[in-house]
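Visitor: This structure is in structure tokens; I'll ask about it shortly.
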Amino acid sequence: MVSFSHDAAGTSESLWQQDGWPASASPLTLTGCARLIVLAAHPDDESLGAGGLISSAAAAGIPVAVIVATNGEASHPHSSTHTPADLAAVRRVEVVTAVRALAADARVRLLDLPDGDLVQHRNSLEEAIWDEALREEAPGEPPTGTADAPAPAADTWLVAPWRQDGHPDHAVAGAAAALVAQRTGARLLEYPIWAWHWSTPEGGIWPGAGAPTARWRLHLGEEARTDKRIALAAHGSQVEALSDLPGDEAIVQPGFAAHFERDYEVFLAASGGSDGVDAAQASGTDVSVPVASGPEAATSDATLAEDAGAGSPRASLTAGFFDDFYAGSEDPWGFETRWYEARKRAITLAALPLDHYGAALELGCSIGVLSRDLAERCDTLLATDINEQALAVARDRLAGLPGVTVERRALPAEWPTGTFDLVVLSEIGYYCSPADLAVLLERSRQSLTPDGALVACHWRHPVGEYPLGGDEVHAVLAALPGLECTVRHQERDFVLEVYEPGPARSVAQREGLVS
């Protein structure tokens, strides 16, 4: 295993282009691909190495799944402003946002394995890849096949980091994918990332003429390249400095970024169009997982240093935005007058899995219309909002109700202490930047009691001032570890979901109607 550092001078893109080596690879098309599974060791691997492939497959109507092994929490080990937990929360949101830019309907699985230590968790990674490779595409259907009698997957492409890329986590991910590909018959393609940085066109790691493993080149059209740029820009914690302090520098230098601005992507796969462990062994590639040779190799993680202007996540809306919004009306959203709002409240209340809750937290209570209904279903209710004018109306509406507290809080920074049996996140998630949304959802999850419920409801139509869309919020919510979606109601105008700590029981199970 090589030792390298992301901030060291690497091989320039001009050298690769002068040699003509990447462009001389065999042309790759999507012919024969019925499903695409992309494995990333860290958030942003998928966009760097296979973003164009993901976009192209989605445009061709091919189902796409992306498995992200770690949260990339080791990307800034010397940061004084972001803990590993902070980075993990932020990067989970970033990768979901990036994948949605490449393939809106892609399934995203975040495995939450430790960054830099995949070698100790290879079995868990293999199981996740196995489950995805044998999954039927029909919604709600379980995976088919077993370890003893795997289902054929010859029309599935399994795309993973290259085992010779020089990063120990990439080696583990590639080896796990190779094993699953061999056993299921899936076609394995591996993408280099760091090898563009530390290797050279003459490097001995690259397959030569006549080798069982060959280089393949996927041409990227303008739409795929645009999608890839947007996806890479979504990884904001990596493409920009976290702060001006030492240890918070952007990970990727401009020279390294140039490798991923090409109009093609390069993959390593079997010369004959299928791959797996056998092909790797035949070409002399070590299928075992090497041990890292230095701290740089254990923590390096590649991202693109992209201009923040196009496709960059926007900042959270400030208190001033809502002050202006409420300035002209006591009820600017029409909570008291619109049938749309009354109907949505009724659906929200009907979706609650329990008839009654102990402690409840409502985020973004506004003028307290939904709060009054929630108060009847809870022993205590903490209703919060950022706008004092709206809270004044809410306090009048809720005055005298037992157990109800109304407070001004700027969330997620001013998060309340304690745990809650019910957390209601109604129409506020899209006001957050991706980073703030990550913290908001994680704190909501951590505040739930073991039998608690998180209810989220959001408008689905685009609003120019909002940093995110409702569907984006719920895509990030779906990727939270440890929670199961027990209720999902989607209309043209809004989506409502209920999440509970797993393993969760349905209402019928709770009442003994089913086992």
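Going by the structure tokens order, chains are called A, B, ..., each with residues numbered from 1, while ligands are numbered from 1 in the order shown.
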List the spatial neighbours of region 465-479 of chain A as number ranges by chain - criterion: any atom at most 8 Å away, only C-alpha atoms, same-chain residues fewer than 4 positions off excluded.

Guide: A: 92-93, 96-97, 100, 108-110, 313-317, 429-434, 437-438, 441, 456, 458-461, 485, 494-495

Visitor: Can you work out the spacing between CA of Thr83 (chain A) and CA of Ala413 (chain A) in Å, to one decimal?

Guide: 15.5 Å

Visitor: Could you check which of A:Thr226, A:Phe321, A:Gly328, A:Asn71 is closest to Pro481 (chain A), using only C-alpha atoms?

Guide: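 Smallest separation from Pro481 (chain A) among the options: A:Asn71.
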
Visitor: Write out as a ChimeraX atom specification the residues lying within 8 Å of Ala154 (chain A), counting only C-alpha atoms and excluding same-chain residues fewer than 3 positions away.

Guide: /A:157,184-187

Visitor: Under the rule that only C-alpha atoms are counted, which of A:Gly49, A:Pro450, A:Pro114, A:Gly72 is the nearest residue to Val159 (chain A)?

Guide: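 Once distances to Val159 (chain A) are computed over only C-alpha atoms, the minimum belongs to A:Gly49.
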
Visitor: Tell me which protein, DNA and RNA residues are within 9 Å of region 190-194 of chain A, counting only C-alpha atoms, leaving out same-chain ones fewer than 4 positions away, and put them as a VMD selection string.

Guide: chain A and resid 4 6 45 48 to 50 158 to 167 174 198 to 199 256 259 to 260 265 to 269 300 to 302

Visitor: Which is closer to Arg395 (chain A) than all the others in A:Asp355, A:Glu407, A:Asp19, A:Asp379, using only C-alpha atoms?

Guide: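 Among A:Asp355, A:Glu407, A:Asp19, A:Asp379, it is A:Glu407 that comes nearest to Arg395 (chain A).
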
Visitor: Using DSSP on the backbone coordinates, identify the residues of region 182-245 of chain A assigned to alpha helix (DSSP H); present them as a list in words.

Guide: Gln182, Arg183, Thr184, Ala195, Trp196, His197, Trp198, Glu222, Glu223, Ala224, Arg225, Thr226, Asp227, Lys228, Arg229, Ile230, Ala231, Leu232, Ala233, Gly236, Ser237, Gln238 and Val239 of chain A

Visitor: For Thr200 (chain A), which residue among A:Gly482, A:Pro412, A:Gly502, A:Gly10 is the nearest when counting only C-alpha atoms?

Guide: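 Among the listed residues, A:Gly10 lies closest to Thr200 (chain A).
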
Visitor: List the spatial neighbours of region 333-339 of chain A as a list of chain:residue names - criterion: any atom at most 12 Å away, only C-alpha atoms, same-chain residues fewer than 2 positions off excluded.

Guide: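 So, after excluding close chain neighbours, the residues are A:Phe322, A:Phe325, A:Tyr326, A:Gly328, A:Ser329, A:Glu330, A:Asp331, A:Glu341, A:Ala342, A:Arg343, A:Lys344, A:Arg345, A:Ala346, A:Cys365, A:Ser366, A:Ile367, A:Gly368, A:Val369, A:Leu370, A:Ser371, A:Ala390, A:Ala394, A:Arg397, A:Glu427, A:Trp459.
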
Visitor: For Ala58 (chain A), work out the shell of residues within 12 Å, counting only C-alpha atoms and skipping chain neighbours fewer than 2 positions away, then give it as an MDAnalysis selection string.

Guide: chainID A and resid 30 33:37 51:56 60:65 99:107 223:224 227

Visitor: Show which residues sit within 7 Å of His235 (chain A), as a list in words. Count only C-alpha atoms, and ignore same-chain residues fewer than 5 positions away.

Guide: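 Near His235 (chain A), the qualifying residues are Asp44, Glu94 and Val95 of chain A.
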
Visitor: Rounded to one decimal place, report the CA of His78 (chain A)-CA of Gly116 (chain A) distance in Å.

Guide: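 Taking CA of His78 (chain A) and CA of Gly116 (chain A), their separation equals 15.0 Å.
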
Visitor: Using DSSP on the backbone coordinates, identify all residues within region 27-265 of chain A classified as strand (DSSP E or B); present the result as a ChimeraX atom specification.

Guide: /A:27,35-40,64-70,107-113,156-161,187-191,213-219,264-265
